[in-house]
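Trainee: Quick one, run-v7.cif (mmCIF, C-alpha atoms):
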data_my_file
loop_
_atom_site.group_PDB
_atom_site.id
_atom_site.type_symbol
_atom_site.label_atom_id
_atom_site.label_comp_id
_atom_site.auth_asym_id
_atom_site.auth_seq_id
_atom_site.Cartn_x
_atom_site.Cartn_y
_atom_site.Cartn_z
ATOM 1 C CA MET N 200 -21.662 13.956 -1.934
ATOM 2 C CA ALA N 201 -20.538 14.149 1.701
ATOM 3 C CA VAL N 202 -18.857 11.120 3.197
ATOM 4 C CA ALA N 203 -19.085 10.412 6.885
ATOM 5 C CA GLU N 204 -15.782 10.601 8.705
ATOM 6 C CA PRO N 205 -14.275 7.318 9.839
ATOM 7 C CA ARG N 206 -14.574 6.434 13.489
ATOM 8 C CA VAL N 207 -10.809 6.537 13.797
ATOM 9 C CA ASP N 208 -9.523 10.091 14.009
ATOM 10 C CA SER N 209 -7.692 10.559 10.745
ATOM 11 C CA THR N 210 -6.979 14.280 10.952
ATOM 12 C CA ASP N 211 -3.408 13.604 12.083
ATOM 13 C CA VAL N 212 -1.247 11.276 10.082
ATOM 14 C CA ARG N 213 0.499 8.780 12.319
ATOM 15 C CA GLU N 214 4.236 8.710 11.690
ATOM 16 C CA ALA N 215 6.430 5.925 13.041
ATOM 17 C CA THR N 216 9.406 6.661 15.245
ATOM 18 C CA PRO N 217 12.652 5.055 14.086
ATOM 19 C CA GLU N 218 12.175 2.356 16.724
ATOM 20 C CA GLU N 219 8.621 1.671 15.612
ATOM 21 C CA GLY N 220 9.763 1.599 12.007
ATOM 22 C CA ARG N 221 12.390 -1.042 12.688
ATOM 23 C CA ALA N 222 9.823 -3.070 14.614
ATOM 24 C CA ILE N 223 7.451 -2.949 11.632
ATOM 25 C CA ILE N 224 10.087 -4.215 9.220
ATOM 26 C CA ASP N 225 11.152 -6.873 11.702
ATOM 27 C CA ALA N 226 7.587 -8.153 12.196
ATOM 28 C CA HIS N 227 6.919 -8.381 8.467
ATOM 29 C CA ALA N 228 10.264 -9.978 7.663
ATOM 30 C CA ARG N 229 9.770 -12.614 10.331
ATOM 31 C CA GLN N 230 6.210 -13.394 9.279
ATOM 32 C CA LEU N 231 6.773 -13.466 5.527
ATOM 33 C CA LEU N 232 10.385 -14.564 5.151
ATOM 34 C CA GLY N 233 11.344 -16.164 8.451
ATOM 35 C CA VAL N 234 14.239 -13.785 9.025
ATOM 36 C CA SER N 235 14.716 -10.770 11.263
ATOM 37 C CA GLY N 236 14.341 -7.285 9.884
ATOM 38 C CA GLU N 237 18.056 -6.739 10.354
ATOM 39 C CA GLU N 238 18.849 -9.887 8.403
ATOM 40 C CA PHE N 239 16.443 -8.885 5.637
ATOM 41 C CA LEU N 240 18.161 -5.529 5.255
ATOM 42 C CA ARG N 241 21.573 -7.183 5.238
ATOM 43 C CA ARG N 242 20.511 -9.567 2.482
ATOM 44 C CA TRP N 243 18.836 -6.729 0.576
ATOM 45 C CA ASP N 244 21.945 -4.563 0.681
ATOM 46 C CA ALA N 245 24.113 -7.525 -0.293
ATOM 47 C CA GLY N 246 22.032 -8.050 -3.399
ATOM 48 C CA GLU N 247 20.850 -11.473 -2.330
ATOM 49 C CA TYR N 248 17.322 -10.607 -3.411
ATOM 50 C CA GLU N 249 18.397 -9.319 -6.789
ATOM 51 C CA ASP N 250 16.049 -10.403 -9.581
ATOM 52 C CA THR N 251 13.835 -12.104 -7.028
ATOM 53 C CA GLU N 252 10.318 -12.925 -8.067
ATOM 54 C CA ASP N 253 9.197 -13.950 -4.581
ATOM 55 C CA PRO N 254 6.140 -11.810 -3.762
ATOM 56 C CA ASN N 255 6.938 -12.070 -0.061
ATOM 57 C CA VAL N 256 10.272 -10.313 -0.614
ATOM 58 C CA ASN N 257 8.493 -7.473 -2.350
ATOM 59 C CA ALA N 258 5.913 -7.314 0.434
ATOM 60 C CA VAL N 259 8.692 -6.609 2.931
ATOM 61 C CA ALA N 260 10.764 -4.453 0.584
ATOM 62 C CA ILE N 261 7.870 -2.078 0.035
ATOM 63 C CA LEU N 262 8.157 -1.178 3.717
ATOM 64 C CA ILE N 263 11.903 -0.560 3.615
ATOM 65 C CA SER N 264 11.530 3.158 4.309
ATOM 66 C CA PHE N 265 10.380 2.256 7.813
ATOM 67 C CA ALA N 266 13.924 1.139 8.562
ATOM 68 C CA ARG N 267 15.987 3.754 6.710
ATOM 69 C CA MET X 508 -3.560 14.359 -4.408
ATOM 70 C CA PRO X 509 -2.634 18.055 -4.218
ATOM 71 C CA GLY X 510 -2.011 20.290 -1.202
ATOM 72 C CA ARG X 511 -0.784 23.777 -0.404
ATOM 73 C CA ASN X 512 2.141 22.329 1.552
ATOM 74 C CA PRO X 513 3.684 18.846 1.923
ATOM 75 C CA SER X 514 1.676 18.010 5.040
ATOM 76 C CA ALA X 515 -1.593 19.068 3.433
ATOM 77 C CA ALA X 516 -0.823 17.012 0.344
ATOM 78 C CA LEU X 517 -0.066 13.956 2.472
ATOM 79 C CA GLN X 518 -3.229 14.404 4.533
ATOM 80 C CA ALA X 519 -5.289 14.658 1.338
ATOM 81 C CA PHE X 520 -3.647 11.436 0.148
ATOM 82 C CA ILE X 521 -4.045 9.525 3.420
ATOM 83 C CA LYS X 522 -7.585 10.553 4.310
ATOM 84 C CA PRO X 523 -9.412 8.476 1.654
ATOM 85 C CA LEU X 524 -7.102 5.525 2.311
ATOM 86 C CA GLN X 525 -7.946 5.662 6.002
ATOM 87 C CA GLN X 526 -11.637 5.922 5.168
ATOM 88 C CA ASN X 527 -11.302 2.859 2.953
ATOM 89 C CA VAL X 528 -9.647 0.913 5.756
ATOM 90 C CA SER X 529 -12.418 1.958 8.125
ATOM 91 C CA CYS X 530 -14.891 0.147 5.863
ATOM 92 C CA LEU X 531 -13.299 -3.101 7.041
ATOM 93 C CA SER X 532 -12.225 -2.207 10.560
ATOM 94 C CA PRO X 533 -12.976 0.748 12.858
ATOM 95 C CA SER X 534 -9.714 0.405 14.749
ATOM 96 C CA ASN X 535 -6.957 -0.179 12.203
ATOM 97 C CA VAL X 536 -5.049 2.975 11.329
ATOM 98 C CA LEU X 537 -2.444 3.723 8.720
ATOM 99 C CA ILE X 538 1.108 4.631 9.648
ATOM 100 C CA VAL X 539 3.842 6.229 7.561
ATOM 101 C CA SER X 540 7.582 5.807 7.811
ATOM 102 C CA PRO X 541 9.748 8.324 9.714
ATOM 103 C CA GLY X 542 9.660 11.648 7.863
ATOM 104 C CA GLY X 543 6.708 10.474 5.808
ATOM 105 C CA ARG X 544 4.400 13.238 6.935
ATOM 106 C CA ASN X 545 6.103 16.094 5.143
ATOM 107 C CA THR X 546 9.592 15.322 3.791
ATOM 108 C CA THR X 547 9.683 15.993 0.077
ATOM 109 C CA ASN X 548 11.614 14.246 -2.696
ATOM 110 C CA GLN X 549 12.140 11.100 -0.674
ATOM 111 C CA ILE X 550 10.447 7.711 -0.963
ATOM 112 C CA HIS X 551 8.301 6.850 2.053
ATOM 113 C CA SER X 552 6.347 3.764 3.084
ATOM 114 C CA LEU X 553 2.860 3.327 4.439
ATOM 115 C CA THR X 554 1.150 0.337 6.029
ATOM 116 C CA ILE X 555 -1.307 -0.725 8.723
ATOM 117 C CA ALA X 556 -0.142 0.178 12.221
ATOM 118 C CA GLY X 557 0.075 -2.262 15.082
ATOM 119 C CA SER X 558 -0.169 -5.977 14.544
ATOM 120 C CA GLY X 559 -0.341 -5.686 10.807
ATOM 121 C CA PRO X 560 -2.950 -6.889 8.314
ATOM 122 C CA ILE X 561 -6.617 -6.097 8.773
ATOM 123 C CA ARG X 562 -8.622 -9.012 10.046
ATOM 124 C CA LEU X 563 -11.778 -9.244 7.955
ATOM 125 C CA ARG X 564 -15.007 -9.548 9.895
ATOM 126 C CA ASP X 565 -16.826 -12.866 9.569
ATOM 127 C CA CYS X 566 -14.230 -14.037 7.084
ATOM 128 C CA PRO X 567 -11.052 -16.033 7.827
ATOM 129 C CA LEU X 568 -8.837 -13.696 5.808
ATOM 130 C CA PHE X 569 -6.601 -10.708 6.357
ATOM 131 C CA LEU X 570 -5.924 -7.739 4.069
ATOM 132 C CA ALA X 571 -2.352 -6.453 4.096
ATOM 133 C CA VAL X 572 -1.623 -2.990 2.750
ATOM 134 C CA GLY X 573 1.770 -1.637 1.721
ATOM 135 C CA LEU X 574 2.478 1.506 -0.278
ATOM 136 C CA ARG X 575 5.473 3.593 -1.264
ATOM 137 C CA TYR X 576 4.993 7.227 -2.131
ATOM 138 C CA ASP X 577 6.754 10.532 -2.400
ATOM 139 C CA ILE X 578 5.727 14.154 -1.908
ATOM 140 C CA ILE X 579 6.820 16.463 -4.683
ATOM 141 C CA LYS X 580 6.327 20.027 -5.777
ATOM 142 C CA THR X 581 4.516 20.285 -9.054
ATOM 143 C CA ALA X 582 4.920 23.070 -11.591
ATOM 144 C CA ASP X 583 1.189 23.030 -12.276
ATOM 145 C CA PRO X 584 -0.349 25.823 -10.151
ATOM 146 C CA SER X 585 -3.777 24.189 -10.356
ATOM 147 C CA LYS X 586 -2.447 21.073 -8.684
ATOM 148 C CA GLY X 587 -0.964 21.757 -5.305
ATOM 149 C CA PRO X 588 1.713 23.027 -5.544
ATOM 150 C CA PHE X 589 2.558 19.866 -3.607
ATOM 151 C CA LYS X 590 1.259 16.461 -4.492
ATOM 152 C CA VAL X 591 1.750 12.847 -3.462
ATOM 153 C CA ARG X 592 2.608 10.165 -5.987
ATOM 154 C CA THR X 593 2.196 6.464 -5.398
ATOM 155 C CA ARG X 594 5.513 4.802 -6.278
ATOM 156 C CA ALA X 595 4.629 1.181 -5.461
ATOM 157 C CA TYR X 596 1.870 -0.842 -3.860
ATOM 158 C CA ASP X 597 1.281 -4.296 -2.433
ATOM 159 C CA TYR X 598 -2.222 -5.402 -1.455
ATOM 160 C CA ALA X 599 -2.370 -8.984 -0.219
ATOM 161 C CA LEU X 600 -5.007 -11.370 1.042
ATOM 162 C CA ARG X 601 -3.587 -13.776 3.600
ATOM 163 C CA ASP X 602 -5.044 -16.667 5.533
ATOM 164 C CA GLU X 603 -4.943 -17.217 9.275
ATOM 165 C CA ASP X 604 -1.541 -18.887 8.983
ATOM 166 C CA GLY X 605 -0.126 -15.804 7.303
ATOM 167 C CA LYS X 606 0.098 -17.440 3.903
ATOM 168 C CA THR X 607 -0.526 -15.138 0.957
ATOM 169 C CA LEU X 608 -3.447 -16.340 -1.158
ATOM 170 C CA ALA X 609 -3.428 -13.502 -3.676
ATOM 171 C CA SER X 610 -1.612 -10.200 -3.970
ATOM 172 C CA TYR X 611 -1.809 -7.217 -6.276
ATOM 173 C CA HIS X 612 1.523 -5.512 -6.918
ATOM 174 C CA TRP X 613 3.213 -2.654 -8.626
ATOM 175 C CA HIS X 614 6.858 -2.223 -7.645
ATOM 176 C CA PRO X 615 9.028 -0.580 -10.291
ATOM 177 C CA LEU X 616 11.491 0.400 -7.550
ATOM 178 C CA GLY X 617 12.011 -3.166 -6.390
ATOM 179 C CA GLN X 618 14.394 -5.907 -7.421
ATOM 180 C CA SER X 619 11.949 -7.695 -9.693
ATOM 181 C CA THR X 620 12.265 -7.314 -13.430
ATOM 182 C CA TYR X 621 8.467 -7.156 -13.759
ATOM 183 C CA THR X 622 7.586 -3.460 -13.408
ATOM 184 C CA ALA X 623 3.976 -3.293 -14.624
ATOM 185 C CA PRO X 624 0.999 -3.825 -12.297
ATOM 186 C CA HIS X 625 0.276 -7.502 -11.763
ATOM 187 C CA LEU X 626 -1.302 -10.155 -9.610
ATOM 188 C CA HIS X 627 0.215 -13.138 -7.795
ATOM 189 C CA HIS X 628 -1.549 -16.342 -6.841
ATOM 190 C CA PRO X 629 1.140 -18.061 -4.781
ATOM 191 C CA PRO X 630 -0.729 -21.231 -3.819
ATOM 192 C CA MET X 631 -0.850 -22.462 -7.402
ATOM 193 C CA PHE X 632 1.738 -20.383 -9.270
ATOM 194 C CA PRO X 633 4.223 -18.975 -6.752
ATOM 195 C CA ARG X 634 6.262 -16.767 -9.039
ATOM 196 C CA ILE X 635 3.977 -16.024 -11.975
ATOM 197 C CA HIS X 636 3.086 -12.383 -12.687
ATOM 198 C CA TRP X 637 -0.480 -12.163 -13.962
ATOM 199 C CA PRO X 638 -0.846 -8.832 -15.784
ATOM 200 C CA CYS X 639 -3.622 -6.525 -14.660
ATOM 201 C CA GLN X 640 -4.418 -2.836 -14.617
ATOM 202 C CA ARG X 641 -3.567 -0.551 -11.730
ATOM 203 C CA THR X 642 -5.449 -1.684 -8.627
ATOM 204 C CA SER X 643 -6.839 0.719 -6.049
ATOM 205 C CA LEU X 644 -7.318 0.159 -2.348
ATOM 206 C CA GLU X 645 -11.011 0.844 -2.945
ATOM 207 C CA GLU X 646 -11.140 -2.152 -5.288
ATOM 208 C CA MET X 647 -9.423 -4.334 -2.703
ATOM 209 C CA VAL X 648 -11.816 -3.322 0.062
ATOM 210 C CA ARG X 649 -14.775 -3.930 -2.243
ATOM 211 C CA LEU X 650 -13.311 -7.333 -3.141
ATOM 212 C CA CYS X 651 -13.165 -8.257 0.544
ATOM 213 C CA ILE X 652 -16.768 -7.247 1.178
ATOM 214 C CA VAL X 653 -18.538 -8.212 -2.040
ATOM 215 C CA GLU X 654 -16.580 -11.280 -3.155
ATOM 216 C CA PHE X 655 -15.317 -12.709 0.121
ATOM 217 C CA GLY X 656 -18.326 -11.746 2.207
ATOM 218 C CA ALA X 657 -16.521 -9.775 4.885
ATOM 219 C CA THR X 658 -18.943 -7.836 7.046
ATOM 220 C CA PRO X 659 -18.353 -4.110 6.519
ATOM 221 C CA ALA X 660 -17.519 -2.032 9.556
ATOM 222 C CA ARG X 661 -19.637 0.929 8.499
ATOM 223 C CA ASP X 662 -23.045 1.182 6.872
ATOM 224 C CA ASP X 663 -21.991 3.755 4.269
ATOM 225 C CA TRP X 664 -19.108 1.649 2.908
ATOM 226 C CA GLU X 665 -20.453 1.689 -0.644
ATOM 227 C CA GLU X 666 -20.665 5.470 -0.687
ATOM 228 C CA VAL X 667 -17.216 5.825 0.874
ATOM 229 C CA LEU X 668 -15.607 3.585 -1.728
ATOM 230 C CA LEU X 669 -17.520 5.183 -4.608
ATOM 231 C CA VAL X 670 -16.537 8.722 -3.651
ATOM 232 C CA ASN X 671 -12.919 7.813 -2.940
ATOM 233 C CA GLU X 672 -12.565 5.779 -6.101
ATOM 234 C CA SER X 673 -13.929 8.667 -8.158
ATOM 235 C CA THR X 674 -11.321 10.935 -6.629
ATOM 236 C CA PHE X 675 -8.606 8.344 -7.231
ATOM 237 C CA ARG X 676 -9.566 8.099 -10.901
ATOM 238 C CA LEU X 677 -9.510 11.876 -11.178
ATOM 239 C CA TYR X 678 -5.968 12.267 -9.859
ATOM 240 C CA ARG X 679 -4.216 9.120 -11.007
ATOM 241 C CA SER X 680 -1.742 9.684 -13.785
ATOM 242 C CA TRP X 681 -1.846 6.181 -15.294
ATOM 243 C CA VAL X 682 -3.949 3.022 -15.518
ATOM 244 C CA GLN X 683 -2.285 0.430 -17.680
ATOM 245 C CA VAL X 684 1.206 1.751 -18.401
ATOM 246 C CA PRO X 685 2.911 3.642 -15.606
ATOM 247 C CA GLU X 686 4.841 6.597 -16.996
ATOM 248 C CA LEU X 687 6.707 6.593 -13.749
ATOM 249 C CA ALA X 688 8.149 3.180 -14.468
ATOM 250 C CA GLU X 689 11.035 4.655 -16.396
ATOM 251 C CA GLU X 690 11.392 7.670 -14.106
ATOM 252 C CA ALA X 691 11.354 5.429 -11.071
ATOM 253 C CA LYS X 692 14.497 3.499 -12.026
#
Go ahead and render the structure in this file as structure tokens.

Mentor:
Amino acid sequence: MAVAEPRVDSTDVREATPEEGRAIIDAHARQLLGVSGEEFLRRWDAGEYEDTEDPNVNAVAILISFAR
Amino acid sequence: MPGRNPSAALQAFIKPLQQNVSCLSPSNVLIVSPGGRNTTNQIHSLTIAGSGPIRLRDCPLFLAVGLRYDIIKTADPSKGPFKVRTRAYDYALRDEDGKTLASYHWHPLGQSTYTAPHLHHPPMFPRIHWPCQRTSLEEMVRLCIVEFGATPARDDWEEVLLVNESTFRLYRSWVQVPELAEEAK
């Protein structure tokens, strides 16, 4: 069964630059946790989110590869 | 999803996801983290590019999409040899204030001790993990359209989701109990 192609050209996968990646983490961290992306990563590396059950932390953490 | 090389495997993985997103919005595109197009044996992230979550049409909600994946070489010659594995996901419905109303998660690589797929309903039970089976992006898009009444952005949305979900079911390696959960730690 053929499926029509989306209107957005999806033949090339869009890959973030390092700057774009850091901006993505920063935007999500600010919106969901009220901290900058840099601060989120600092807290993450320091273990301050260890054993967290806050879904907003996980929502930002899932994007961590955008920053490193 | 298999491919003859890492890039082909990633394209095969992304294409149905992008089609699914296009059922809600013609302009939102997916973006992967630096190196995410073809770097193997490394965890990458994927989300909606630009301003973030997808604004649903004729519905005061937004769908946020977050995924972690890796590209690996499989020993099975009939599959690939390269394939993409989902390593975590986070699909969330948020209101216009950015508050999460419901989210479907699987994050064995995260800090949480709860590593099976689950659902959150923050407004009433902020930290409770409601168990559920693995959730697909197709199911989330269908939820937005059928249950929340979002106007689809393309007329063939049902066919798109049906075809992509069939493919997803064909290639997924688990439903209830992720074998990767132990490997992922």

Trainee: Just give me the gap between CA of Val259 in chain N and CA of His551 in chain X in Å, one decimal is fine.

Mentor: 13.5 Å

Trainee: Residues within 12 Å of (8.7, 3.5, 16.2), file coordinates, counting only C-alpha atoms: what are they? Give the list as a list of chain:residue names.

Mentor: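 Output of the proximity query reads N:Arg213, N:Glu214, N:Ala215, N:Thr216, N:Pro217, N:Glu218, N:Glu219, N:Gly220, N:Arg221, N:Ala222, N:Ile223, N:Ile224, N:Asp225, N:Phe265, N:Ala266, N:Arg267, X:Ile538, X:Val539, X:Ser540, X:Pro541, X:Gly542, X:Ala556, X:Gly557.
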
Trainee: Apply the PyMOL selection byres ((chain X) within 8 of (chain N)) to the file shown and report the selected residues as an NGL selection string.

Mentor: :X and (518 or 521-522 or 525-526 or 529 or 533-544 or 550-554 or 573-575 or 595-597 or 605-606 or 610 or 614 or 617-620 or 627 or 633-634 or 663 or 666-667 or 670)

Trainee: Which residue out of X:Arg511, X:Arg594, X:Arg601, X:Arg641 has the minimum interatomic distance to Pro560 in chain X when all atoms listed in the file are used?

Mentor: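 For Pro560 in chain X, the nearest of the given residues is X:Arg601.
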
Trainee: Written as an MDAnalysis selection string, what is the full residue list that the PyMOL selection byres ((chain X and resi 563-569) around 6) yields on the file shown?

Mentor: chainID X and resid 560:562 570 600:602 657:658

Trainee: Could you state the separation of CA of Glu646 in chain X and CA of Thr547 in chain X in Å, given to one decimal place?

Mentor: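 Calculated distance between CA of Glu646 in chain X and CA of Thr547 in chain X is 28.1 Å.
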
Trainee: Would you list the contacts of Lys580 in chain X as a PDB file with C-alpha atoms, in the frame of the given file, taking every protein, DNA or RNA residue within 10 Å and counting all atoms listed in the file, but skipping same-chain residues closer than 5 positions in sequence?

Mentor:
ATOM      1  CA  PRO X 509      -2.634  18.055  -4.218  1.00  0.00           C
ATOM      2  CA  GLY X 510      -2.011  20.290  -1.202  1.00  0.00           C
ATOM      3  CA  ARG X 511      -0.784  23.777  -0.404  1.00  0.00           C
ATOM      4  CA  ASN X 512       2.141  22.329   1.552  1.00  0.00           C
ATOM      5  CA  PRO X 513       3.684  18.846   1.923  1.00  0.00           C
ATOM      6  CA  ALA X 516      -0.823  17.012   0.344  1.00  0.00           C
ATOM      7  CA  THR X 547       9.683  15.993   0.077  1.00  0.00           C
ATOM      8  CA  ASN X 548      11.614  14.246  -2.696  1.00  0.00           C
ATOM      9  CA  LYS X 586      -2.447  21.073  -8.684  1.00  0.00           C
ATOM     10  CA  GLY X 587      -0.964  21.757  -5.305  1.00  0.00           C
ATOM     11  CA  PRO X 588       1.713  23.027  -5.544  1.00  0.00           C
ATOM     12  CA  PHE X 589       2.558  19.866  -3.607  1.00  0.00           C
ATOM     13  CA  LYS X 590       1.259  16.461  -4.492  1.00  0.00           C
ATOM     14  CA  VAL X 591       1.750  12.847  -3.462  1.00  0.00           C
TER      15      VAL X 591
END
